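Have a look at the structure below, then the notes.
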4 protein chains.
Amino acid sequence: MAAPSAVTVLSKESTNMLQGFSVPLTPQGKSALVSPPPWHYSSDCLAIEYWADPGSIAALLPTGVTPDDKSQGRAFLWFLDWQFTGSNDEITDPARYQYREAFVLVEALFERAPINYCPYIFVDNDAAIARGWAQGFPKKYGSIYQTRSFSAPSAAAAPLAKGSRFGASVAAHGERLATARLQLEEKVADPAKVFNRPTVMRRYFPQLAAARQTKPPVDELTMSLTDNLAVVDVWAGSAELTIPEVRGEDMHSLAPLRIGRGYRLGMSYSVTDLRILKNYVA
Amino acid sequence: MAAPSAVTVLSKESTNMLQGFSVPLTPQGKSALVSPPPWHYSSDCLAIEYWADPGSIAALLPTGVTPDDKSQGRAFLWFLDWQFTGSNDEITDPARYQYREAFVLVEALFERAPINYCPYIFVDNDAAIARGWAQGFPKKYGSIYQTRSFSAPSAAAAPLAKGSRFGASVAAHGERLATARLQLEEKVADPAKVFNRPTVMRRYFPQLAAARQTKPPVDELTMSLTDNLAVVDVWAGSAELTIPEVRGEDMHSLAPLRIGRGYRLGMSYSVTDLRILKNYVA
Amino acid sequence: MAAPSAVTVLSKESTNMLQGFSVPLTPQGKSALVSPPPWHYSSDCLAIEYWADPGSIAALLPTGVTPDDKSQGRAFLWFLDWQFTGSNDEITDPARYQYREAFVLVEALFERAPINYCPYIFVDNDAAIARGWAQGFPKKYGSIYQTRSFSAPSAAAAPLAKGSRFGASVAAHGERLATARLQLEEKVADPAKVFNRPTVMRRYFPQLAAARQTKPPVDELTMSLTDNLAVVDVWAGSAELTIPEVRGEDMHSLAPLRIGRGYRLGMSYSVTDLRILKNYVA
Amino acid sequence: MAAPSAVTVLSKESTNMLQGFSVPLTPQGKSALVSPPPWHYSSDCLAIEYWADPGSIAALLPTGVTPDDKSQGRAFLWFLDWQFTGSNDEITDPARYQYREAFVLVEALFERAPINYCPYIFVDNDAAIARGWAQGFPKKYGSIYQTRSFSAPSAAAAPLAKGSRFGASVAAHGERLATARLQLEEKVADPAKVFNRPTVMRRYFPQLAAARQTKPPVDELTMSLTDNLAVVDVWAGSAELTIPEVRGEDMHSLAPLRIGRGYRLGMSYSVTDLRILKNYVA
């Protein structure tokens with residue numbers, strides 16, 4: 001594991017050395033929601049392939065990202081049980097650092113190259129929100145669950161085997177935003193045929209000062225960079241998915257018109273960097 | 001899987017067929033917190049062996065359960081990530097039926113036979129509280145976490161391998177009740193040498209009617225019965241454990257004086273029955 | 001405040017004095033979910049009058065409770081922000097003892113007298129579940145919110161005044177079970193004309209021992225008894241209410257066919273007793 | 001109520017009109033965590049005056065903020081039950097917009113003027129996190145409770161009256177970070193003598209792109225601006241406060257050495273603007 005790249009914020013007029021990759025900055029650096037990269041992740045994932053209204057996808061894309069006509073509205077709804085660790089033994093503090101996530105990826109193009117764009121994402125952990133915002137993921141707080149595979153045999157074990165049934169859901173503030181089910185059929189020999197587009201996001205931080213509210217200080221198109229990406233134990237099967245209309249949420253505009261395959265897989269990577277594709281501010 | 005034993009409550013003066021193993025009883029039987037057994041479970045578990053004050057253990061034992069002098073205060077603090085399913089595809093509804101648990105087992109004797117007695121137990125799910133109360137587990141609501149093993153390789157994966165580090169914690173109402181850490185050393189060849197005592201509980205339901213508040217309608221000593229018990233992938237290692245004093249909780253009386261081995265394992269079983277060892281009411 | 005009536009459970013064969021009105025029973029009695037009565041409550045409430053399908057109400061009533069034909073399906077959905085205290089300064093421990101609740105009351109008859117029967121109830125606190133079960137309220141865990149009235153003037157204050165708008169909702173496991181809105185029109189001079197029926201419940205505790213699963217040890221019809229009941233600051237206005245269909249819940253059978261008035265009020269009482277109307281076991 | 005100042009983000013190369021004051025930006029603008037100001041707030045507050053180690057306060061201050069020697073370490077720990085509304089009837093959606101907060105204010109100087117600086121703040125709502133970050137409040141997710149005053153008389157009502165007892169607490173990830181208690185003694189005639197310093201924050205948004213991780217795009221000293229501030233019903237009394245040491249948090253460095261008065265009050269204001277005192281980036 002690489003040594004942490006210390007991000008120390010030096011107060012110029014004083015001797016204060018305030019530390020942290022994110023707020024809150026403190027002398028000791030323990031309170032910061034986010035510690036400096038590298039950030040290491042491993043997860044179990046359910047991903048449901050589906051097709052949404054292409055016009056609704058187009059309406060969500062930021063400048064420079066264009067519809068991928070070949071995709072005809074292809075999208076994926078992902079559910080992920082994550083474990084995170086940094087350089088401070090976070091792996092032994094699961095109450096703070098283990099979390100669950102759900103997001104939508106829609107297929108699109110950036111400078112003619114196929115990408116996935118992430119318009120909606122939910123997590124159940126504040127450190128994950130802060131790391132996500134730093135990357136450009138528009139994270140909100142949600143309550144996410146997926147059926148897990150346990151090794152002790154039982155009708156409750158959901159092993160990675162033909163016929164196993166899985167469910168997943170995401171809710172926010174007591175409203176169910178999506179529900180999925182999946183029944184495993186066969187192992188996928190070549191996952192790279194399914195999951196091969198980089199993820200692009202809108203990194204955005206607002207301005208509240210009245211005279212400048214239309215001029216956000218951060219407004220960029222970014223691409224997620226992952227080190228040591230591993231995708232393992234990929235199974236595919238039949239799937240169900242609903243994205244109901246909910247007051248105060250727009251995700252329903254991407255409700256499924258047609259549902260494809262469902263996938264169950266393991267995924268891991270580390271994050272140390274971010275690519276900025278476009279700066280909308282300049 | 002055995003057919004569900006329908007528990008239908010027939011209203012005698014009407015044609016109402018109200019259904020459910022627990023409240024709420026309804027015509028359709030879907031709202032009941034608990035559906036009729038069999039109940040199927042699979043879990044990942046961390047268990048920390050430790051020794052508490054023998055006098056404090058003795059003070060917690062109900063009538064008929066006596067200290068096991070050979071144990072000298074031996075106890076286990078367990079953390080469990082559970083998946084539950086009944087006969088209604090509950091496995092695909094993890095938001096409702098997946099849950100986490102932590103409990104203390106203290107070694108004791110019942111009619112000279114070695115048992116574990118369960119004085120404290122916390123879960124994060126209401127169906128699990130209701131099933132637990134039906135068995136005699138004195139469940140309260142808590143927030144429980146344990147480090148998980150993921151298959152995709154990463155510093156965040158915590159594989160079942162020498163050197164892997166795990167953490168676990170239980171909190172209730174914003175107070176940390178116990179924190180544990182564990183580092184795996186070796187696989188355990190014969191888990192039956194470690195985990196071999198049945199679990200005994202106090203099944204108790206109170207009476208609020210003023211004239212009978214000292215006469216609970218249910219006050220029994222019970223023993224948990226498990227069908228098809230499987231214990232798999234048992235690893236042992238070094239462990240840390242703290243049980244701090246917290247206002248409004250008595251669990252601190254069982255704080256560790258000495259800490260033994262830590263274990264990480266998988267466990268599954270089904271529940272269809274309960275043994276009633278003693279009826280304190282009669 | 002009356003002295004607490006100590007409910008001590010004496011272990012007959014030992015000197016153990018285990019304490020608590022509910023589990024877990026301990027020597028110190030602090031861990032018990034419920035301390036002995038008196039239990040003191042004060043609340044802010046929203047209550048929506050509506051009419052459900054009379055046949056669906058009839059189908060939910062236990063033996064001895066019959067439809068009130070004059071009511072024609074009249075029901076109330078209540079939302080309550082509660083503060084609880086017992087005899088141990090619980091009022092200063094809001095993390096443990098403040099809670100929120102939502103329940104349905106349907107109008108019915110018991111021995112020809114008008115009553116309200118409570119088929120569904122949700123709370124966000126385990127002590128409230130345990131006290132409720134002791135009374136016969138079929139409580140499950142939910143997430144409940146209602147707009148509050150604050151004294152500092154603001155568009156966000158929702159004062160008790162003509163035109164103020166309130167909202168309320170109850171969700172369980174990430175599914176919205178009911179949503180209500182209310183706009184105040186006028187103060188109610190005589191609340192006793194609106195709220196004047198006692199509440200009747202089914203007190204039920206199951207049996208898991210296989211040979212006796214159809215013979216619950218506790219199966220009674222009970223009536224809630226309240227000391228020092230106060231109903232204050234009652235306002236009425238126009239209301240909206242939805243009870244959507246949700247997988248795994250039957251409450252939708254009581255969805256509104258017609259909506260009446262909405263009420264906002266304060267209510268307080270103490271509990272020291274329970275009336276048992278009928279014992280279904282004997 | 002002022003008309004909402006529409007903050008529309010125009011995609012230059014397309015016709016997309018993506019809306020929202022914060023992420024996620026969508027065509028409809030309902031999903032955004034934050035809608036454009038004005039933001040209206042009303043709250044009930046408990047505030048505990050205390051003195052922390054002046055050196056620990058000095059170590060937390062950013063460049064340009066200096067210790068207030070007259071204060072000798074004076075600080076306040078606040079607990080707030082908030083109701084928020086914007087321009088979309090948010091007041092009737094309490095599940096999404098009602099929230100609870102706890103923060104520390106330490107007395108300091110900015111250009112010789114007395115201010116309060118906010119180093120630590122916790123909320124239980126994601127929209128409140130997003131609005132807070134836009135202002136410079138270093139918000140993290142926590143679980144916060146305070147005893148409430150109810151109008152229906154009861155031992156559980158905690159009225160605004162001499163002798164009433166209140167409690168409050170903040171926890172994060174199952175660790176109790178602070179616990180306070182307060183007993184009311186008398187009404188405060190002139191609250192402006194107690195609460196009269198503006199609040200100053202560090203507005204900070206990090207950079208993840210590897211080459212620029214030490215150059216955050218947003219690093220400012222800001223001052224909170226409040227329209228129509230009202231402080232009502234201020235009571236004072238005796239207080240208790242603990243801020244225990246917790247793994248992964250630095251707030252303990254501001255633990256109380258001496259405790260002053262406790263206050264209970266109502267407060268409301270609106271937010272439409274922010275003052276930027278200093279730009280650390282330029």
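Chain labels A, B, ... are given in the sequence in which chains occur in the structure tokens; within each chain residues are numbered consecutively from 1, and ligands are likewise numbered from 1 in the order shown.
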
Taking a cut-off of 9 Å and counting only C-alpha atoms, can you build a table that, for each residue of chain A near chain B, reports the nearest atom pair and how far apart they are in Å (one decimal), sorted by chain then residue number, as a Markdown table?
| residue | atom | partner | partner_atom | distance |
| --- | --- | --- | --- | --- |
| A:Met1 | CA | B:Ala155 | CA | 7.6 |
| A:His40 | CA | B:Ala156 | CA | 5.7 |
| A:Tyr41 | CA | B:Ala156 | CA | 5.3 |
| A:Ser42 | CA | B:Ala157 | CA | 5.4 |
| A:Ser43 | CA | B:Phe150 | CA | 6.4 |
| A:Asp44 | CA | B:Phe150 | CA | 7.0 |
| A:Trp82 | CA | B:Ala156 | CA | 8.9 |
| A:Gln83 | CA | B:Ala156 | CA | 5.8 |
| A:Phe84 | CA | B:Ala156 | CA | 5.5 |
| A:Thr85 | CA | B:Ala156 | CA | 5.3 |
| A:Gly86 | CA | B:Ala156 | CA | 8.3 |
| A:Asp89 | CA | B:Arg165 | CA | 8.7 |
| A:Glu90 | CA | B:Ala156 | CA | 8.7 |
| A:Ile91 | CA | B:Ala156 | CA | 6.3 |
| A:Thr92 | CA | B:Gly167 | CA | 4.0 |
| A:Asp93 | CA | B:Gly167 | CA | 5.8 |
| A:Pro94 | CA | B:Thr147 | CA | 5.5 |
| A:Ala95 | CA | B:Tyr145 | CA | 5.4 |
| A:Gln98 | CA | B:Thr147 | CA | 7.6 |
| A:Ser143 | CA | B:Ala95 | CA | 8.5 |
| A:Ile144 | CA | B:Ala95 | CA | 7.4 |
| A:Tyr145 | CA | B:Ala95 | CA | 5.4 |
| A:Gln146 | CA | B:Pro94 | CA | 5.8 |
| A:Thr147 | CA | B:Pro94 | CA | 5.5 |
| A:Arg148 | CA | B:Gln83 | CA | 7.5 |
| A:Ser149 | CA | B:Gln83 | CA | 8.9 |
| A:Phe150 | CA | B:Ser43 | CA | 6.4 |
| A:Ser151 | CA | B:Gly266 | CA | 6.3 |
| A:Ala152 | CA | B:Met267 | CA | 5.3 |
| A:Pro153 | CA | B:Ser268 | CA | 6.4 |
| A:Ser154 | CA | B:Ser268 | CA | 6.1 |
| A:Ala155 | CA | B:His40 | CA | 6.1 |
| A:Ala156 | CA | B:Tyr41 | CA | 5.3 |
| A:Ala157 | CA | B:Ser42 | CA | 5.5 |
| A:Ala158 | CA | B:Ile91 | CA | 7.8 |
| A:Arg165 | CA | B:Thr92 | CA | 6.5 |
| A:Phe166 | CA | B:Thr92 | CA | 5.0 |
| A:Gly167 | CA | B:Thr92 | CA | 4.0 |
| A:Ala168 | CA | B:Pro94 | CA | 6.7 |
| A:Ser169 | CA | B:Ala95 | CA | 7.0 |
| A:Val170 | CA | B:Ala95 | CA | 8.7 |
| A:Ala180 | CA | B:Thr92 | CA | 8.8 |
| A:Arg181 | CA | B:Thr92 | CA | 6.7 |
| A:Leu182 | CA | B:Thr92 | CA | 8.5 |
| A:Asn228 | CA | B:Ser154 | CA | 8.5 |
| A:Ala230 | CA | B:Ala152 | CA | 6.3 |
| A:Val231 | CA | B:Ala152 | CA | 6.7 |
| A:Val232 | CA | B:Ala152 | CA | 6.0 |
| A:Asp233 | CA | B:Ser151 | CA | 8.1 |
| A:Leu265 | CA | B:Ala152 | CA | 8.9 |
| A:Gly266 | CA | B:Ala152 | CA | 5.3 |
| A:Met267 | CA | B:Ala152 | CA | 5.3 |
| A:Ser268 | CA | B:Ala152 | CA | 5.3 |
| A:Tyr269 | CA | B:Ser154 | CA | 6.9 |
| A:Ser270 | CA | B:Ser154 | CA | 8.0 |

Can you pull out the residues contacting Ser71 (chain A)? Cut-off 9 Å, using only C-alpha atoms, and skip same-chain residues under 5 positions away; I want them as a PDB file with C-alpha atoms, in the first residue's frame.
ATOM      1  CA  TRP A  51     -33.502   0.791 -21.449  1.00  0.00           C
ATOM      2  CA  PRO A  54     -33.551   8.235 -24.917  1.00  0.00           C
ATOM      3  CA  GLU A 107     -24.703   5.325 -21.899  1.00  0.00           C
ATOM      4  CA  ALA A 108     -23.501   8.420 -23.768  1.00  0.00           C
TER       5      ALA A 108
END

If you run DSSP on this backbone, which residues of region 241-279 of chain A come out as helix (DSSP H, G or I), and could you give them as a PDB file with N, CA, C and O atoms, in the first residue's frame?
ATOM      1  N   MET A 251     -35.719  10.995 -10.615  1.00  0.00           N
ATOM      2  CA  MET A 251     -35.123   9.784 -11.174  1.00  0.00           C
ATOM      3  C   MET A 251     -36.111   8.977 -12.008  1.00  0.00           C
ATOM      4  O   MET A 251     -35.716   8.211 -12.887  1.00  0.00           O
ATOM      5  N   HIS A 252     -37.398   9.160 -11.728  1.00  0.00           N
ATOM      6  CA  HIS A 252     -38.433   8.438 -12.478  1.00  0.00           C
ATOM      7  C   HIS A 252     -38.362   8.732 -13.976  1.00  0.00           C
ATOM      8  O   HIS A 252     -38.845   7.924 -14.781  1.00  0.00           O
ATOM      9  N   SER A 253     -37.771   9.864 -14.361  1.00  0.00           N
ATOM     10  CA  SER A 253     -37.675  10.139 -15.811  1.00  0.00           C
ATOM     11  C   SER A 253     -36.819   9.071 -16.501  1.00  0.00           C
ATOM     12  O   SER A 253     -36.896   8.906 -17.717  1.00  0.00           O
ATOM     13  N   LEU A 254     -36.036   8.336 -15.719  1.00  0.00           N
ATOM     14  CA  LEU A 254     -35.221   7.244 -16.265  1.00  0.00           C
ATOM     15  C   LEU A 254     -35.812   5.869 -15.942  1.00  0.00           C
ATOM     16  O   LEU A 254     -35.091   4.874 -15.868  1.00  0.00           O
TER      17      LEU A 254
END

Could you give me the residues within region 29-260 of chain D that DSSP places in strand (DSSP E or B), as a PyMOL selection string?
-> chain D and resi 39-51+65-67+74-85+98-110+113-123+139-141+143-146+165-172+175-187+199-205+218-224+227-242+258-260

Could you list, as a CSV table (one decimal) with all heavy atoms, in the first residue's frame, every residue within 7 Å of Arg264 (chain B), counting only C-alpha atoms and ignoring same-chain residues fewer than 3 positions away?
chain,number,residue,atom,x,y,z
B,45,CYS,N,-20.1,-14.3,11.2
B,45,CYS,CA,-20.0,-14.0,12.7
B,45,CYS,C,-18.6,-13.7,13.1
B,45,CYS,O,-17.7,-14.3,12.6
B,45,CYS,CB,-20.4,-15.2,13.5
B,45,CYS,SG,-21.9,-16.1,12.9
B,46,LEU,N,-18.5,-12.7,14.0
B,46,LEU,CA,-17.3,-12.5,14.8
B,46,LEU,C,-17.6,-12.8,16.2
B,46,LEU,O,-18.7,-12.4,16.7
B,46,LEU,CB,-16.8,-11.1,14.7
B,46,LEU,CG,-16.3,-10.6,13.3
B,46,LEU,CD1,-15.8,-9.1,13.5
B,46,LEU,CD2,-15.3,-11.5,12.7
B,47,ALA,N,-16.8,-13.6,16.9
B,47,ALA,CA,-17.1,-14.0,18.3
B,47,ALA,C,-15.8,-13.8,19.1
B,47,ALA,O,-14.8,-14.3,18.7
B,47,ALA,CB,-17.6,-15.4,18.4
B,234,VAL,N,-14.2,-21.6,9.9
B,234,VAL,CA,-13.9,-21.0,11.2
B,234,VAL,C,-12.4,-20.6,11.3
B,234,VAL,O,-11.5,-21.5,11.2
B,234,VAL,CB,-14.2,-21.9,12.4
B,234,VAL,CG1,-14.0,-21.2,13.7
B,234,VAL,CG2,-15.7,-22.4,12.2
B,235,TRP,N,-12.1,-19.4,11.6
B,235,TRP,CA,-10.7,-18.9,11.8
B,235,TRP,C,-10.6,-18.3,13.2
B,235,TRP,O,-11.6,-17.8,13.7
B,235,TRP,CB,-10.4,-17.8,10.8
B,235,TRP,CG,-10.1,-18.3,9.4
B,235,TRP,CD1,-10.9,-18.8,8.5
B,235,TRP,CD2,-8.8,-18.3,8.8
B,235,TRP,NE1,-10.2,-19.2,7.4
B,235,TRP,CE2,-8.9,-18.9,7.5
B,235,TRP,CE3,-7.5,-17.9,9.3
B,235,TRP,CZ2,-7.8,-19.1,6.7
B,235,TRP,CZ3,-6.4,-18.1,8.4
B,235,TRP,CH2,-6.6,-18.7,7.1
B,236,ALA,N,-9.4,-18.4,13.7
B,236,ALA,CA,-9.2,-17.9,15.1
B,236,ALA,C,-8.0,-16.9,15.0
B,236,ALA,O,-7.1,-17.0,14.1
B,236,ALA,CB,-8.9,-19.0,16.1

Using only C-alpha atoms, the shortest atom-to-atom distance to Gln72 (chain C) among C:Ser31, C:Gln135, C:Ser56, C:Thr26 belongs to C:Ser56

For this session: Find the residues near Pro216 (chain D): any atom within 12 Å, counting only C-alpha atoms, skip ones fewer than 4 places away on the same chain, and give them as a count of residues only.
Result: 26

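Proximity to Val194 (chain C) was assessed for C:Pro67, C:Pro256, C:Gly262, C:Gly29 counting only C-alpha atoms; the smallest distance is recorded for C:Gly262.
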
Could you give me, as number ranges by chain, the residues within 8 Å of region 117-121 of chain A, counting only C-alpha atoms and dropping anything in the same chain fewer than 6 positions from it?
A: 60-61, 101-108, 137-140, 199-201, 251; D: 24-25

Could you take the residues named above and write them with N, CA, C and O atoms, as a PDB file, in the first residue's frame?
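After the write, selection_13.pdb holds the following:
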ATOM      1  N   LEU A  60     -30.696  15.029 -19.621  1.00  0.00           N
ATOM      2  CA  LEU A  60     -29.905  15.063 -18.389  1.00  0.00           C
ATOM      3  C   LEU A  60     -28.421  15.309 -18.653  1.00  0.00           C
ATOM      4  O   LEU A  60     -27.657  15.552 -17.716  1.00  0.00           O
ATOM      5  N   LEU A  61     -28.009  15.194 -19.899  1.00  0.00           N
ATOM      6  CA  LEU A  61     -26.565  15.236 -20.189  1.00  0.00           C
ATOM      7  C   LEU A  61     -26.036  16.665 -20.157  1.00  0.00           C
ATOM      8  O   LEU A  61     -26.644  17.569 -20.721  1.00  0.00           O
ATOM      9  N   GLU A 101     -24.530   1.658  -1.541  1.00  0.00           N
ATOM     10  CA  GLU A 101     -24.666   2.658  -2.597  1.00  0.00           C
ATOM     11  C   GLU A 101     -25.598   2.149  -3.686  1.00  0.00           C
ATOM     12  O   GLU A 101     -25.689   0.945  -3.916  1.00  0.00           O
ATOM     13  N   ALA A 102     -26.277   3.058  -4.350  1.00  0.00           N
ATOM     14  CA  ALA A 102     -27.055   2.734  -5.560  1.00  0.00           C
ATOM     15  C   ALA A 102     -26.886   3.883  -6.524  1.00  0.00           C
ATOM     16  O   ALA A 102     -26.887   5.043  -6.108  1.00  0.00           O
ATOM     17  N   PHE A 103     -26.709   3.570  -7.811  1.00  0.00           N
ATOM     18  CA  PHE A 103     -26.606   4.646  -8.791  1.00  0.00           C
ATOM     19  C   PHE A 103     -27.081   4.191 -10.160  1.00  0.00           C
ATOM     20  O   PHE A 103     -27.155   2.999 -10.453  1.00  0.00           O
ATOM     21  N   VAL A 104     -27.409   5.185 -10.987  1.00  0.00           N
ATOM     22  CA  VAL A 104     -27.778   4.960 -12.380  1.00  0.00           C
ATOM     23  C   VAL A 104     -26.621   5.378 -13.255  1.00  0.00           C
ATOM     24  O   VAL A 104     -26.012   6.430 -13.030  1.00  0.00           O
ATOM     25  N   LEU A 105     -26.316   4.551 -14.246  1.00  0.00           N
ATOM     26  CA  LEU A 105     -25.384   4.942 -15.311  1.00  0.00           C
ATOM     27  C   LEU A 105     -26.137   4.906 -16.633  1.00  0.00           C
ATOM     28  O   LEU A 105     -26.800   3.910 -16.937  1.00  0.00           O
ATOM     29  N   VAL A 106     -26.037   5.995 -17.407  1.00  0.00           N
ATOM     30  CA  VAL A 106     -26.653   6.013 -18.735  1.00  0.00           C
ATOM     31  C   VAL A 106     -25.536   6.072 -19.777  1.00  0.00           C
ATOM     32  O   VAL A 106     -24.538   6.770 -19.598  1.00  0.00           O
ATOM     33  N   GLU A 107     -25.730   5.342 -20.852  1.00  0.00           N
ATOM     34  CA  GLU A 107     -24.703   5.325 -21.899  1.00  0.00           C
ATOM     35  C   GLU A 107     -24.764   6.599 -22.724  1.00  0.00           C
ATOM     36  O   GLU A 107     -25.850   7.064 -23.095  1.00  0.00           O
ATOM     37  N   ALA A 108     -23.581   7.166 -23.017  1.00  0.00           N
ATOM     38  CA  ALA A 108     -23.501   8.420 -23.768  1.00  0.00           C
ATOM     39  C   ALA A 108     -22.139   8.474 -24.441  1.00  0.00           C
ATOM     40  O   ALA A 108     -21.364   7.498 -24.402  1.00  0.00           O
ATOM     41  N   PHE A 137     -19.435  12.786  -8.271  1.00  0.00           N
ATOM     42  CA  PHE A 137     -20.655  11.990  -8.116  1.00  0.00           C
ATOM     43  C   PHE A 137     -21.677  12.801  -7.317  1.00  0.00           C
ATOM     44  O   PHE A 137     -21.381  13.227  -6.201  1.00  0.00           O
ATOM     45  N   PRO A 138     -22.910  12.991  -7.867  1.00  0.00           N
ATOM     46  CA  PRO A 138     -23.909  13.857  -7.213  1.00  0.00           C
ATOM     47  C   PRO A 138     -24.655  13.131  -6.102  1.00  0.00           C
ATOM     48  O   PRO A 138     -25.864  12.956  -6.152  1.00  0.00           O
ATOM     49  N   LYS A 139     -23.916  12.719  -5.054  1.00  0.00           N
ATOM     50  CA  LYS A 139     -24.456  11.807  -4.048  1.00  0.00           C
ATOM     51  C   LYS A 139     -25.449  12.486  -3.115  1.00  0.00           C
ATOM     52  O   LYS A 139     -25.232  13.603  -2.658  1.00  0.00           O
ATOM     53  N   LYS A 140     -26.515  11.748  -2.857  1.00  0.00           N
ATOM     54  CA  LYS A 140     -27.466  12.089  -1.818  1.00  0.00           C
ATOM     55  C   LYS A 140     -27.526  10.922  -0.825  1.00  0.00           C
ATOM     56  O   LYS A 140     -27.012   9.838  -1.087  1.00  0.00           O
ATOM     57  N   THR A 199     -16.588   6.027 -16.420  1.00  0.00           N
ATOM     58  CA  THR A 199     -17.695   6.780 -15.834  1.00  0.00           C
ATOM     59  C   THR A 199     -17.358   8.267 -15.795  1.00  0.00           C
ATOM     60  O   THR A 199     -16.280   8.655 -15.334  1.00  0.00           O
ATOM     61  N   VAL A 200     -18.303   9.064 -16.289  1.00  0.00           N
ATOM     62  CA  VAL A 200     -18.135  10.524 -16.374  1.00  0.00           C
ATOM     63  C   VAL A 200     -19.178  11.201 -15.494  1.00  0.00           C
ATOM     64  O   VAL A 200     -20.313  10.730 -15.401  1.00  0.00           O
ATOM     65  N   MET A 201     -18.756  12.288 -14.819  1.00  0.00           N
ATOM     66  CA  MET A 201     -19.623  12.950 -13.853  1.00  0.00           C
ATOM     67  C   MET A 201     -19.545  14.479 -14.014  1.00  0.00           C
ATOM     68  O   MET A 201     -18.626  14.997 -14.635  1.00  0.00           O
ATOM     69  N   MET A 251     -35.719  10.995 -10.615  1.00  0.00           N
ATOM     70  CA  MET A 251     -35.123   9.784 -11.174  1.00  0.00           C
ATOM     71  C   MET A 251     -36.111   8.977 -12.008  1.00  0.00           C
ATOM     72  O   MET A 251     -35.716   8.211 -12.887  1.00  0.00           O
TER      73      MET A 251
ATOM     74  N   PRO D  24     -27.897  16.853  -7.347  1.00  0.00           N
ATOM     75  CA  PRO D  24     -27.801  16.604  -8.778  1.00  0.00           C
ATOM     76  C   PRO D  24     -28.606  17.617  -9.592  1.00  0.00           C
ATOM     77  O   PRO D  24     -29.721  17.954  -9.217  1.00  0.00           O
ATOM     78  N   LEU D  25     -28.008  18.077 -10.693  1.00  0.00           N
ATOM     79  CA  LEU D  25     -28.669  19.006 -11.608  1.00  0.00           C
ATOM     80  C   LEU D  25     -29.526  18.203 -12.593  1.00  0.00           C
ATOM     81  O   LEU D  25     -29.040  17.232 -13.174  1.00  0.00           O
TER      82      LEU D  25
END

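With only C-alpha atoms taken into account, the protein and nucleic acid residues at most 6 Å from Gly142 (chain B) (excluding it and anything under 3 positions from it in its own chain) are Phe122, Val123, Asp124, Ala171 and Ala172 of chain B.
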